[in-house]
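Quick look at work-v7.pdb (PDB, C-alpha atoms and all ligand atoms):
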```pdb
ATOM      1  CA  MET A   1     284.105  34.982  83.898
ATOM      2  CA  LYS A   2     282.482  38.291  83.046
ATOM      3  CA  SER A   3     284.710  41.281  83.774
ATOM      4  CA  LEU A   4     282.573  42.836  86.554
ATOM      5  CA  GLU A   5     281.129  39.653  88.098
ATOM      6  CA  ASP A   6     282.151  40.494  91.681
ATOM      7  CA  LYS A   7     281.652  44.267  91.535
ATOM      8  CA  VAL A   8     279.063  46.560  93.089
ATOM      9  CA  VAL A   9     278.881  49.624  90.867
ATOM     10  CA  LEU A  10     277.260  53.010  91.407
ATOM     11  CA  ILE A  11     276.673  54.931  88.167
ATOM     12  CA  THR A  12     275.145  58.412  88.192
ATOM     13  CA  GLY A  13     272.999  59.941  85.441
ATOM     14  CA  THR A  14     271.673  56.634  84.111
ATOM     15  CA  ALA A  15     268.170  57.660  82.991
ATOM     16  CA  ALA A  16     269.460  58.829  79.606
ATOM     17  CA  GLY A  17     272.466  59.221  77.365
ATOM     18  CA  MET A  18     275.784  57.561  78.047
ATOM     19  CA  GLY A  19     274.895  56.712  81.662
ATOM     20  CA  ALA A  20     272.150  54.401  80.395
ATOM     21  CA  THR A  21     274.632  52.728  78.040
ATOM     22  CA  HIS A  22     277.245  52.337  80.795
ATOM     23  CA  ALA A  23     274.642  50.794  83.123
ATOM     24  CA  ARG A  24     273.533  48.262  80.500
ATOM     25  CA  LEU A  25     277.079  47.220  79.574
ATOM     26  CA  PHE A  26     278.041  46.913  83.251
ATOM     27  CA  ALA A  27     274.975  44.743  83.976
ATOM     28  CA  GLU A  28     275.832  42.578  80.939
ATOM     29  CA  GLU A  29     279.309  42.160  82.432
ATOM     30  CA  GLY A  30     277.836  40.808  85.661
ATOM     31  CA  ALA A  31     277.982  43.842  87.980
ATOM     32  CA  LYS A  32     275.366  44.658  90.572
ATOM     33  CA  VAL A  33     274.362  48.127  89.396
ATOM     34  CA  ILE A  34     273.114  50.977  91.559
ATOM     35  CA  ALA A  35     271.773  53.218  88.807
ATOM     36  CA  THR A  36     270.943  56.766  89.885
ATOM     37  CA  ASP A  37     269.532  59.896  88.285
ATOM     38  CA  ILE A  38     267.827  63.143  89.231
ATOM     39  CA  ARG A  39     264.744  61.896  87.375
ATOM     40  CA  ALA A  40     262.243  60.112  89.605
ATOM     41  CA  GLU A  41     261.971  57.250  87.157
ATOM     42  CA  GLY A  42     264.377  55.663  84.732
ATOM     43  CA  CYS A  43     266.113  52.501  83.548
ATOM     44  CA  ALA A  44     262.814  50.613  83.117
ATOM     45  CA  ASP A  45     264.265  48.544  80.248
ATOM     46  CA  LEU A  46     267.351  47.701  82.269
ATOM     47  CA  ILE A  47     265.304  46.580  85.280
ATOM     48  CA  ARG A  48     263.065  44.520  82.960
ATOM     49  CA  ASP A  49     266.119  42.792  81.473
ATOM     50  CA  PHE A  50     268.277  42.393  84.590
ATOM     51  CA  GLY A  51     265.776  42.352  87.502
ATOM     52  CA  ASP A  52     267.332  42.338  90.969
ATOM     53  CA  GLN A  53     270.794  42.931  89.564
ATOM     54  CA  VAL A  54     269.811  46.620  89.177
ATOM     55  CA  LEU A  55     268.644  49.099  91.813
ATOM     56  CA  TYR A  56     267.373  52.455  90.523
ATOM     57  CA  LEU A  57     267.451  55.412  92.921
ATOM     58  CA  GLN A  58     266.559  59.078  92.537
ATOM     59  CA  HIS A  59     269.644  61.168  93.218
ATOM     60  CA  ASP A  60     270.738  64.763  92.801
ATOM     61  CA  VAL A  61     274.530  64.646  92.571
ATOM     62  CA  SER A  62     274.793  68.321  93.539
ATOM     63  CA  ASP A  63     273.276  67.522  96.956
ATOM     64  CA  ALA A  64     275.562  65.907  99.567
ATOM     65  CA  ALA A  65     272.596  64.544 101.572
ATOM     66  CA  SER A  66     271.235  62.852  98.447
ATOM     67  CA  TRP A  67     274.632  61.159  97.987
ATOM     68  CA  GLN A  68     274.528  59.928 101.585
ATOM     69  CA  SER A  69     271.115  58.419 100.996
ATOM     70  CA  VAL A  70     271.982  56.550  97.772
ATOM     71  CA  VAL A  71     275.269  55.213  99.126
ATOM     72  CA  GLU A  72     273.456  53.923 102.239
ATOM     73  CA  GLN A  73     270.604  52.350 100.260
ATOM     74  CA  GLY A  74     272.928  50.873  97.633
ATOM     75  CA  THR A  75     275.285  49.379 100.206
ATOM     76  CA  LEU A  76     272.378  47.925 102.141
ATOM     77  CA  ALA A  77     271.070  46.253  98.974
ATOM     78  CA  PHE A  78     274.312  44.970  97.426
ATOM     79  CA  GLY A  79     277.205  45.428  99.905
ATOM     80  CA  PRO A  80     280.181  47.799  99.655
ATOM     81  CA  ILE A  81     280.463  49.845  96.464
ATOM     82  CA  THR A  82     283.689  48.891  94.663
ATOM     83  CA  VAL A  83     283.205  50.889  91.450
ATOM     84  CA  LEU A  84     281.947  54.459  91.136
ATOM     85  CA  VAL A  85     281.224  56.015  87.744
ATOM     86  CA  ASN A  86     280.660  59.747  88.122
ATOM     87  CA  ASN A  87     278.791  60.267  84.856
ATOM     88  CA  ALA A  88     275.901  62.691  85.568
ATOM     89  CA  GLY A  89     276.503  66.083  84.092
ATOM     90  CA  ILE A  90     274.830  69.113  82.581
ATOM     91  CA  ALA A  91     276.106  71.321  79.784
ATOM     92  CA  GLY A  92     274.366  74.535  80.791
ATOM     93  CA  PRO A  93     273.474  77.178  78.216
ATOM     94  CA  ASN A  94     275.649  77.736  75.188
ATOM     95  CA  ALA A  95     276.857  81.234  76.051
ATOM     96  CA  PHE A  96     279.975  83.387  76.018
ATOM     97  CA  THR A  97     281.398  84.389  79.402
ATOM     98  CA  THR A  98     279.800  87.843  79.614
ATOM     99  CA  GLU A  99     276.409  86.391  78.643
ATOM    100  CA  LEU A 100     276.438  83.515  81.153
ATOM    101  CA  SER A 101     274.381  84.196  84.272
ATOM    102  CA  ILE A 102     275.961  83.666  87.692
ATOM    103  CA  GLU A 103     273.140  81.213  88.508
ATOM    104  CA  ASP A 104     273.941  79.101  85.431
ATOM    105  CA  TYR A 105     277.655  79.189  86.251
ATOM    106  CA  LEU A 106     277.102  78.042  89.834
ATOM    107  CA  ARG A 107     274.578  75.333  88.900
ATOM    108  CA  THR A 108     276.943  73.806  86.335
ATOM    109  CA  ILE A 109     279.806  73.786  88.837
ATOM    110  CA  ALA A 110     277.519  72.297  91.512
ATOM    111  CA  VAL A 111     276.524  69.347  89.317
ATOM    112  CA  ASP A 112     279.639  68.750  87.211
ATOM    113  CA  GLU A 113     282.317  69.492  89.803
ATOM    114  CA  HIS A 114     280.966  69.421  93.374
ATOM    115  CA  GLY A 115     278.948  66.277  92.643
ATOM    116  CA  ILE A 116     282.121  64.383  91.807
ATOM    117  CA  PHE A 117     283.823  65.500  95.025
ATOM    118  CA  TYR A 118     280.799  64.450  97.122
ATOM    119  CA  GLY A 119     280.734  61.043  95.464
ATOM    120  CA  MET A 120     284.442  60.270  95.849
ATOM    121  CA  ARG A 121     284.471  61.570  99.433
ATOM    122  CA  LEU A 122     281.633  59.270 100.472
ATOM    123  CA  VAL A 123     282.498  56.121  98.564
ATOM    124  CA  ILE A 124     286.275  55.926  99.172
ATOM    125  CA  PRO A 125     286.085  54.820 102.866
ATOM    126  CA  GLY A 126     283.905  51.821 101.919
ATOM    127  CA  MET A 127     286.284  50.954  99.076
ATOM    128  CA  ILE A 128     289.248  51.038 101.467
ATOM    129  CA  ALA A 129     287.376  48.751 103.873
ATOM    130  CA  ALA A 130     286.565  46.401 100.969
ATOM    131  CA  GLY A 131     290.250  46.208  99.952
ATOM    132  CA  GLY A 132     290.142  48.577  96.969
ATOM    133  CA  GLY A 133     288.084  49.921  94.128
ATOM    134  CA  SER A 134     287.961  51.873  90.894
ATOM    135  CA  ILE A 135     286.542  55.337  90.280
ATOM    136  CA  VAL A 136     285.897  56.588  86.753
ATOM    137  CA  ASN A 137     285.164  60.289  86.440
ATOM    138  CA  ILE A 138     283.571  61.472  83.214
ATOM    139  CA  SER A 139     285.166  64.704  82.090
ATOM    140  CA  SER A 140     285.193  65.855  78.440
ATOM    141  CA  VAL A 141     287.545  67.077  75.756
ATOM    142  CA  ALA A 142     286.362  70.423  77.154
ATOM    143  CA  GLY A 143     288.383  69.658  80.290
ATOM    144  CA  MET A 144     291.589  69.636  78.239
ATOM    145  CA  ALA A 145     291.128  72.404  75.693
ATOM    146  CA  HIS A 146     288.471  74.807  74.528
ATOM    147  CA  ALA A 147     286.995  72.185  72.255
ATOM    148  CA  PRO A 148     284.701  73.069  69.367
ATOM    149  CA  GLY A 149     281.085  73.336  70.454
ATOM    150  CA  THR A 150     281.986  73.683  74.150
ATOM    151  CA  PRO A 151     278.920  75.319  75.655
ATOM    152  CA  ASN A 152     280.435  77.680  78.209
ATOM    153  CA  ILE A 153     283.189  78.612  80.671
ATOM    154  CA  ALA A 154     281.462  76.835  83.590
ATOM    155  CA  TYR A 155     281.418  73.546  81.689
ATOM    156  CA  THR A 156     285.082  73.976  80.717
ATOM    157  CA  ALA A 157     286.029  74.891  84.314
ATOM    158  CA  SER A 158     284.177  71.978  85.878
ATOM    159  CA  LYS A 159     285.479  69.420  83.390
ATOM    160  CA  ALA A 160     289.063  70.690  83.918
ATOM    161  CA  ALA A 161     288.477  70.418  87.675
ATOM    162  CA  VAL A 162     287.389  66.804  87.225
ATOM    163  CA  ARG A 163     290.679  66.094  85.472
ATOM    164  CA  GLY A 164     292.640  67.607  88.397
ATOM    165  CA  MET A 165     290.508  66.054  91.159
ATOM    166  CA  THR A 166     290.992  62.668  89.524
ATOM    167  CA  LYS A 167     294.765  62.943  89.767
ATOM    168  CA  ALA A 168     294.634  64.232  93.380
ATOM    169  CA  ALA A 169     292.469  61.335  94.558
ATOM    170  CA  ALA A 170     294.485  58.814  92.507
ATOM    171  CA  VAL A 171     297.724  59.817  94.238
ATOM    172  CA  GLU A 172     296.142  60.056  97.701
ATOM    173  CA  TYR A 173     294.597  56.564  97.649
ATOM    174  CA  ALA A 174     296.924  54.566  95.375
ATOM    175  CA  ARG A 175     298.446  52.671  98.314
ATOM    176  CA  GLN A 176     294.984  51.610  99.463
ATOM    177  CA  GLY A 177     294.160  49.890  96.195
ATOM    178  CA  ILE A 178     291.899  52.577  94.800
ATOM    179  CA  ARG A 179     292.396  53.600  91.193
ATOM    180  CA  VAL A 180     290.941  56.881  89.922
ATOM    181  CA  ASN A 181     290.893  57.796  86.231
ATOM    182  CA  SER A 182     289.110  60.241  83.966
ATOM    183  CA  VAL A 183     287.473  59.713  80.572
ATOM    184  CA  HIS A 184     287.246  62.573  78.079
ATOM    185  CA  PRO A 185     284.631  62.006  75.362
ATOM    186  CA  GLY A 186     284.418  64.207  72.293
ATOM    187  CA  GLY A 187     281.147  64.398  70.353
ATOM    188  CA  VAL A 188     278.896  61.497  71.281
ATOM    189  CA  LEU A 189     275.736  60.662  69.393
ATOM    190  CA  THR A 190     273.442  59.958  72.355
ATOM    191  CA  GLU A 191     269.780  59.338  71.611
ATOM    192  CA  MET A 192     268.903  62.861  72.739
ATOM    193  CA  MET A 193     271.589  64.388  70.554
ATOM    194  CA  ALA A 194     270.502  62.230  67.592
ATOM    195  CA  THR A 195     266.947  63.511  67.791
ATOM    196  CA  GLN A 196     267.741  67.124  68.686
ATOM    197  CA  ILE A 197     270.285  68.079  66.071
ATOM    198  CA  THR A 198     269.731  68.227  62.341
ATOM    199  CA  GLU A 199     271.626  66.088  59.822
ATOM    200  CA  GLU A 200     273.430  69.280  58.789
ATOM    201  CA  GLN A 201     274.596  69.950  62.381
ATOM    202  CA  LYS A 202     275.649  66.323  62.747
ATOM    203  CA  GLU A 203     277.762  66.609  59.602
ATOM    204  CA  ALA A 204     279.312  69.889  60.821
ATOM    205  CA  ILE A 205     280.409  68.243  64.097
ATOM    206  CA  ALA A 206     281.645  65.129  62.299
ATOM    207  CA  ALA A 207     283.715  67.316  59.960
ATOM    208  CA  LEU A 208     285.789  68.487  62.965
ATOM    209  CA  VAL A 209     286.712  64.907  63.837
ATOM    210  CA  PRO A 210     289.601  63.196  62.022
ATOM    211  CA  MET A 211     287.633  59.933  62.039
ATOM    212  CA  GLY A 212     284.786  61.824  60.337
ATOM    213  CA  ARG A 213     282.003  60.778  62.700
ATOM    214  CA  MET A 214     280.690  61.189  66.237
ATOM    215  CA  ALA A 215     281.062  58.366  68.772
ATOM    216  CA  ASP A 216     278.450  55.767  69.443
ATOM    217  CA  PRO A 217     277.788  55.935  73.253
ATOM    218  CA  ARG A 218     278.836  52.307  73.574
ATOM    219  CA  GLU A 219     282.334  53.204  72.383
ATOM    220  CA  VAL A 220     282.667  55.418  75.462
ATOM    221  CA  SER A 221     281.093  52.750  77.698
ATOM    222  CA  GLN A 222     283.715  50.213  76.614
ATOM    223  CA  THR A 223     286.461  52.573  77.805
ATOM    224  CA  VAL A 224     284.664  53.150  81.114
ATOM    225  CA  LEU A 225     284.264  49.387  81.505
ATOM    226  CA  TYR A 226     287.981  48.828  80.939
ATOM    227  CA  LEU A 227     288.906  51.365  83.627
ATOM    228  CA  ALA A 228     286.310  49.975  86.042
ATOM    229  CA  SER A 229     287.476  46.387  85.644
ATOM    230  CA  ASP A 230     290.613  44.696  86.945
ATOM    231  CA  ASP A 231     291.899  44.579  83.336
ATOM    232  CA  SER A 232     293.278  48.082  83.963
ATOM    233  CA  SER A 233     294.898  47.138  87.294
ATOM    234  CA  TYR A 234     298.054  49.278  86.809
ATOM    235  CA  ILE A 235     296.273  52.374  85.487
ATOM    236  CA  THR A 236     295.561  55.214  87.877
ATOM    237  CA  GLY A 237     295.599  59.001  87.627
ATOM    238  CA  ALA A 238     295.280  58.619  83.861
ATOM    239  CA  GLU A 239     293.067  60.407  81.377
ATOM    240  CA  ILE A 240     291.707  58.640  78.322
ATOM    241  CA  VAL A 241     290.441  60.715  75.440
ATOM    242  CA  VAL A 242     287.661  59.100  73.381
ATOM    243  CA  ASP A 243     287.255  61.656  70.615
ATOM    244  CA  GLY A 244     288.026  60.106  67.222
ATOM    245  CA  GLY A 245     291.247  62.145  67.110
ATOM    246  CA  MET A 246     289.613  65.574  67.649
ATOM    247  CA  LEU A 247     292.227  66.883  70.093
ATOM    248  CA  ALA A 248     295.134  65.481  68.107
ATOM    249  CA  LYS A 249     294.611  68.061  65.338
TER     250      LYS A 249
HETATM  251  N1  LIG A 301     277.291  63.895  74.873
HETATM  252  C1  LIG A 301     278.509  64.313  74.626
HETATM  253  O1  LIG A 301     278.855  64.571  73.479
HETATM  254  C2  LIG A 301     279.510  64.455  75.764
HETATM  255  C3  LIG A 301     280.841  64.787  75.458
HETATM  256  C4  LIG A 301     281.778  64.883  76.477
HETATM  257  C5  LIG A 301     281.410  64.646  77.782
HETATM  258  N2  LIG A 301     280.111  64.337  78.074
HETATM  259  C6  LIG A 301     279.804  64.082  79.497
HETATM  260  O2  LIG A 301     279.299  62.766  79.620
HETATM  261  C7  LIG A 301     278.354  62.697  80.694
HETATM  262  C8  LIG A 301     277.024  62.155  80.168
HETATM  263  O3  LIG A 301     276.588  62.988  79.104
HETATM  264  P1  LIG A 301     275.307  62.639  78.189
HETATM  265  O4  LIG A 301     275.543  63.287  76.894
HETATM  266  O5  LIG A 301     275.020  61.198  78.266
HETATM  267  O6  LIG A 301     274.196  63.479  78.964
HETATM  268  P2  LIG A 301     272.581  63.342  78.951
HETATM  269  O7  LIG A 301     272.076  64.733  79.129
HETATM  270  O8  LIG A 301     272.109  62.541  77.798
HETATM  271  O9  LIG A 301     272.319  62.505  80.288
HETATM  272  C9  LIG A 301     272.704  63.007  81.544
HETATM  273  C10 LIG A 301     271.883  62.359  82.621
HETATM  274  O10 LIG A 301     272.263  62.970  83.863
HETATM  275  C11 LIG A 301     271.089  63.286  84.590
HETATM  276  N3  LIG A 301     271.329  64.407  85.500
HETATM  277  C12 LIG A 301     271.362  65.728  85.194
HETATM  278  N4  LIG A 301     271.565  66.444  86.307
HETATM  279  C13 LIG A 301     271.688  65.562  87.336
HETATM  280  C14 LIG A 301     271.893  65.690  88.733
HETATM  281  N5  LIG A 301     272.000  66.899  89.318
HETATM  282  N6  LIG A 301     271.956  64.571  89.481
HETATM  283  C15 LIG A 301     271.825  63.340  88.908
HETATM  284  N7  LIG A 301     271.594  63.153  87.600
HETATM  285  C16 LIG A 301     271.530  64.259  86.817
HETATM  286  C17 LIG A 301     270.031  63.593  83.545
HETATM  287  O11 LIG A 301     268.718  63.446  84.064
HETATM  288  C18 LIG A 301     270.371  62.584  82.450
HETATM  289  O12 LIG A 301     269.669  61.371  82.631
HETATM  290  C19 LIG A 301     278.238  64.123  81.226
HETATM  291  O13 LIG A 301     279.099  64.260  82.345
HETATM  292  C20 LIG A 301     278.731  64.970  80.060
HETATM  293  O14 LIG A 301     279.240  66.206  80.485
HETATM  294  C21 LIG A 301     279.159  64.251  77.095
END
```

The structure in this file should be written as structure tokens.
Amino acid sequence: MKSLEDKVVLITGTAAGMGATHARLFAEEGAKVIATDIRAEGCADLIRDFGDQVLYLQHDVSDAASWQSVVEQGTLAFGPITVLVNNAGIAGPNAFTTELSIEDYLRTIAVDEHGIFYGMRLVIPGMIAAGGGSIVNISSVAGMAHAPGTPNIAYTASKAAVRGMTKAAAVEYARQGIRVNSVHPGGVLTEMMATQITEEQKEAIAALVPMGRMADPREVSQTVLYLASDDSSYITGAEIVVDGGMLAK
């Protein structure tokens, strides 16, 4: 049996980057996937390959009403959501604290931190009614330390908040069969990153990593899959770093 055969999964930020990779791996593993993104259109390849197994919805994670709408539509299509992957995120401008505008600070917090609270708040009651579930919150190495290349204080603050919120929700709902964990990627060579940075920049980032390279997005997806599936049935409130050893230095 595939590892997500009986799961209904909501993944945010699936039109690009790691979210797209998570959605594909989860569909391959048999999940019904509610794939959402702020972009009006996305996941065309996934829908072509997996048809009715995938529902794509436009969704702004920083907007509580938008969450309400996607959870309602997704549940109507596939039944109760039993896995939530809070992946959507923005980096915001690369700026020191005194150079970061208040608008940019608040927008980053709204997407990267508030969005995760809205999602967990809405999805948990359905998971309890369904007998349990798994929530995977995507943080970053930036949520654990001021990692090299971290864009700004808002990103660091929101990713650290994700780490804390994960543990709070994990403890609150452990007795109801809901597991909540966070994943902390280091440098990941998403398609966008691969086309936007020069070979020289790529080498400079890789040089900071003990393994000497950035991650392939699928290496992060495999970790998310493990936490989403019943294979990790005794893991909750945990944080898994996927950084090629960057934080161990
Ligand atoms: N790429 C990295 O090296 C790296 C490292 C550590 C953590 N992360 C985290 O991993 C997650 C995915 O990163 P990525 O590199 O794949 O990003 P990406 O920019 O490639 O993709 C992010 C997706 O989220 C969507 N999105 C943006 N704002 C949204 C909103 N308000 N509502 C819904 N969707 C929205 C975008 O349209 C995009 O499709 C993010 O939370 C990011 O902070 C990334």

Produce a table with one row for each residue of chain A that has an atom at most 8 Å from any atom of ligand LIG 301 (chain A), each row naming the nearest atom pair and its distance in Å at one decimal; use only C-alpha atoms and all ligand atoms; arrange rows by chain and rising residue number; format as a tab-separated table.
```
residue	atom	partner	partner_atom	distance
A:Thr12	CA	A:LIG301	N7	6.0
A:Gly13	CA	A:LIG301	O10	3.5
A:Thr14	CA	A:LIG301	O12	5.4
A:Ala15	CA	A:LIG301	O12	4.0
A:Ala16	CA	A:LIG301	O12	4.0
A:Gly17	CA	A:LIG301	O5	3.4
A:Met18	CA	A:LIG301	O5	3.7
A:Gly19	CA	A:LIG301	O5	5.6
A:Ala20	CA	A:LIG301	O5	7.7
A:Thr36	CA	A:LIG301	C15	6.7
A:Asp37	CA	A:LIG301	N7	3.9
A:Ile38	CA	A:LIG301	C15	4.0
A:Arg39	CA	A:LIG301	O11	5.4
A:Gln58	CA	A:LIG301	C15	7.7
A:His59	CA	A:LIG301	C15	5.3
A:Asp60	CA	A:LIG301	N6	3.5
A:Val61	CA	A:LIG301	N6	4.0
A:Ser62	CA	A:LIG301	N5	5.3
A:Asp63	CA	A:LIG301	N5	7.8
A:Asn86	CA	A:LIG301	O13	7.5
A:Asn87	CA	A:LIG301	O13	4.7
A:Ala88	CA	A:LIG301	O10	4.0
A:Gly89	CA	A:LIG301	O13	3.6
A:Ile90	CA	A:LIG301	C12	5.5
A:Ala91	CA	A:LIG301	O14	6.0
A:Val111	CA	A:LIG301	N5	5.1
A:Asp112	CA	A:LIG301	O13	6.6
A:Gly115	CA	A:LIG301	N5	7.7
A:Ile138	CA	A:LIG301	O13	5.3
A:Ser139	CA	A:LIG301	C5	5.7
A:Ser140	CA	A:LIG301	C5	4.0
A:Val141	CA	A:LIG301	C4	6.2
A:Ala142	CA	A:LIG301	C4	7.2
A:Tyr155	CA	A:LIG301	O14	7.8
A:Lys159	CA	A:LIG301	O14	7.6
A:His184	CA	A:LIG301	C4	6.1
A:Pro185	CA	A:LIG301	C4	4.2
A:Gly186	CA	A:LIG301	C3	4.8
A:Gly187	CA	A:LIG301	O1	3.9
A:Val188	CA	A:LIG301	O1	3.8
A:Leu189	CA	A:LIG301	O1	6.5
A:Thr190	CA	A:LIG301	O4	6.0
A:Glu191	CA	A:LIG301	O8	7.3
A:Met192	CA	A:LIG301	O8	6.0
A:Met193	CA	A:LIG301	N1	7.2
A:Pro217	CA	A:LIG301	O5	7.8
```

Would you mind exporting the chosen residues as an mmCIF file, in the coordinates of the input, restricted to C-alpha atoms?
```cif
data_model
loop_
_atom_site.group_PDB
_atom_site.id
_atom_site.type_symbol
_atom_site.label_atom_id
_atom_site.label_comp_id
_atom_site.auth_asym_id
_atom_site.auth_seq_id
_atom_site.Cartn_x
_atom_site.Cartn_y
_atom_site.Cartn_z
ATOM 1 C CA THR A 12 275.145 58.412 88.192
ATOM 2 C CA GLY A 13 272.999 59.941 85.441
ATOM 3 C CA THR A 14 271.673 56.634 84.111
ATOM 4 C CA ALA A 15 268.170 57.660 82.991
ATOM 5 C CA ALA A 16 269.460 58.829 79.606
ATOM 6 C CA GLY A 17 272.466 59.221 77.365
ATOM 7 C CA MET A 18 275.784 57.561 78.047
ATOM 8 C CA GLY A 19 274.895 56.712 81.662
ATOM 9 C CA ALA A 20 272.150 54.401 80.395
ATOM 10 C CA THR A 36 270.943 56.766 89.885
ATOM 11 C CA ASP A 37 269.532 59.896 88.285
ATOM 12 C CA ILE A 38 267.827 63.143 89.231
ATOM 13 C CA ARG A 39 264.744 61.896 87.375
ATOM 14 C CA GLN A 58 266.559 59.078 92.537
ATOM 15 C CA HIS A 59 269.644 61.168 93.218
ATOM 16 C CA ASP A 60 270.738 64.763 92.801
ATOM 17 C CA VAL A 61 274.530 64.646 92.571
ATOM 18 C CA SER A 62 274.793 68.321 93.539
ATOM 19 C CA ASP A 63 273.276 67.522 96.956
ATOM 20 C CA ASN A 86 280.660 59.747 88.122
ATOM 21 C CA ASN A 87 278.791 60.267 84.856
ATOM 22 C CA ALA A 88 275.901 62.691 85.568
ATOM 23 C CA GLY A 89 276.503 66.083 84.092
ATOM 24 C CA ILE A 90 274.830 69.113 82.581
ATOM 25 C CA ALA A 91 276.106 71.321 79.784
ATOM 26 C CA VAL A 111 276.524 69.347 89.317
ATOM 27 C CA ASP A 112 279.639 68.750 87.211
ATOM 28 C CA GLY A 115 278.948 66.277 92.643
ATOM 29 C CA ILE A 138 283.571 61.472 83.214
ATOM 30 C CA SER A 139 285.166 64.704 82.090
ATOM 31 C CA SER A 140 285.193 65.855 78.440
ATOM 32 C CA VAL A 141 287.545 67.077 75.756
ATOM 33 C CA ALA A 142 286.362 70.423 77.154
ATOM 34 C CA TYR A 155 281.418 73.546 81.689
ATOM 35 C CA LYS A 159 285.479 69.420 83.390
ATOM 36 C CA HIS A 184 287.246 62.573 78.079
ATOM 37 C CA PRO A 185 284.631 62.006 75.362
ATOM 38 C CA GLY A 186 284.418 64.207 72.293
ATOM 39 C CA GLY A 187 281.147 64.398 70.353
ATOM 40 C CA VAL A 188 278.896 61.497 71.281
ATOM 41 C CA LEU A 189 275.736 60.662 69.393
ATOM 42 C CA THR A 190 273.442 59.958 72.355
ATOM 43 C CA GLU A 191 269.780 59.338 71.611
ATOM 44 C CA MET A 192 268.903 62.861 72.739
ATOM 45 C CA MET A 193 271.589 64.388 70.554
ATOM 46 C CA PRO A 217 277.788 55.935 73.253
#
```

Dig up all the protein and nucleic acid residues within 7 Å of (295.0, 58.2, 86.0) in the file frame, using only C-alpha atoms, and format them as a list in words.
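With a cut-off of 7 Å, the residues come to Thr166, Lys167, Ala170, Val180, Asn181, Ser182, Ile235, Thr236, Gly237, Ala238 and Glu239 of chain A.
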
I'd like to know which of A:Gly42, A:Pro210, A:Gly245, A:Pro151 is closest to Glu99 in chain A, using all atoms listed in the file.
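Between A:Gly42, A:Pro210, A:Gly245, A:Pro151, the residue approaching Glu99 in chain A most closely is A:Pro151.
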
Under the PyMOL selection byres (((chain A and resi 175-179) around 12) and not hetatm), which residues of this model are included? Write them out as a ChimeraX atom specification.
/A:81-85,120,123-137,166-174,180-182,227-239

Pick from A:Gly244, A:Gly164, A:Pro93, A:Gly119: nearest to Ser69 in chain A, with all atoms listed in the file counted?
A:Gly119

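For Asp45 in chain A, the non-local neighbours within 10 Å, defined as residues at least 4 positions apart in the same chain or in other chains and counting all atoms listed in the file, are A:Ala20, A:Arg24, A:Asp49, A:Phe50, A:Gly51.
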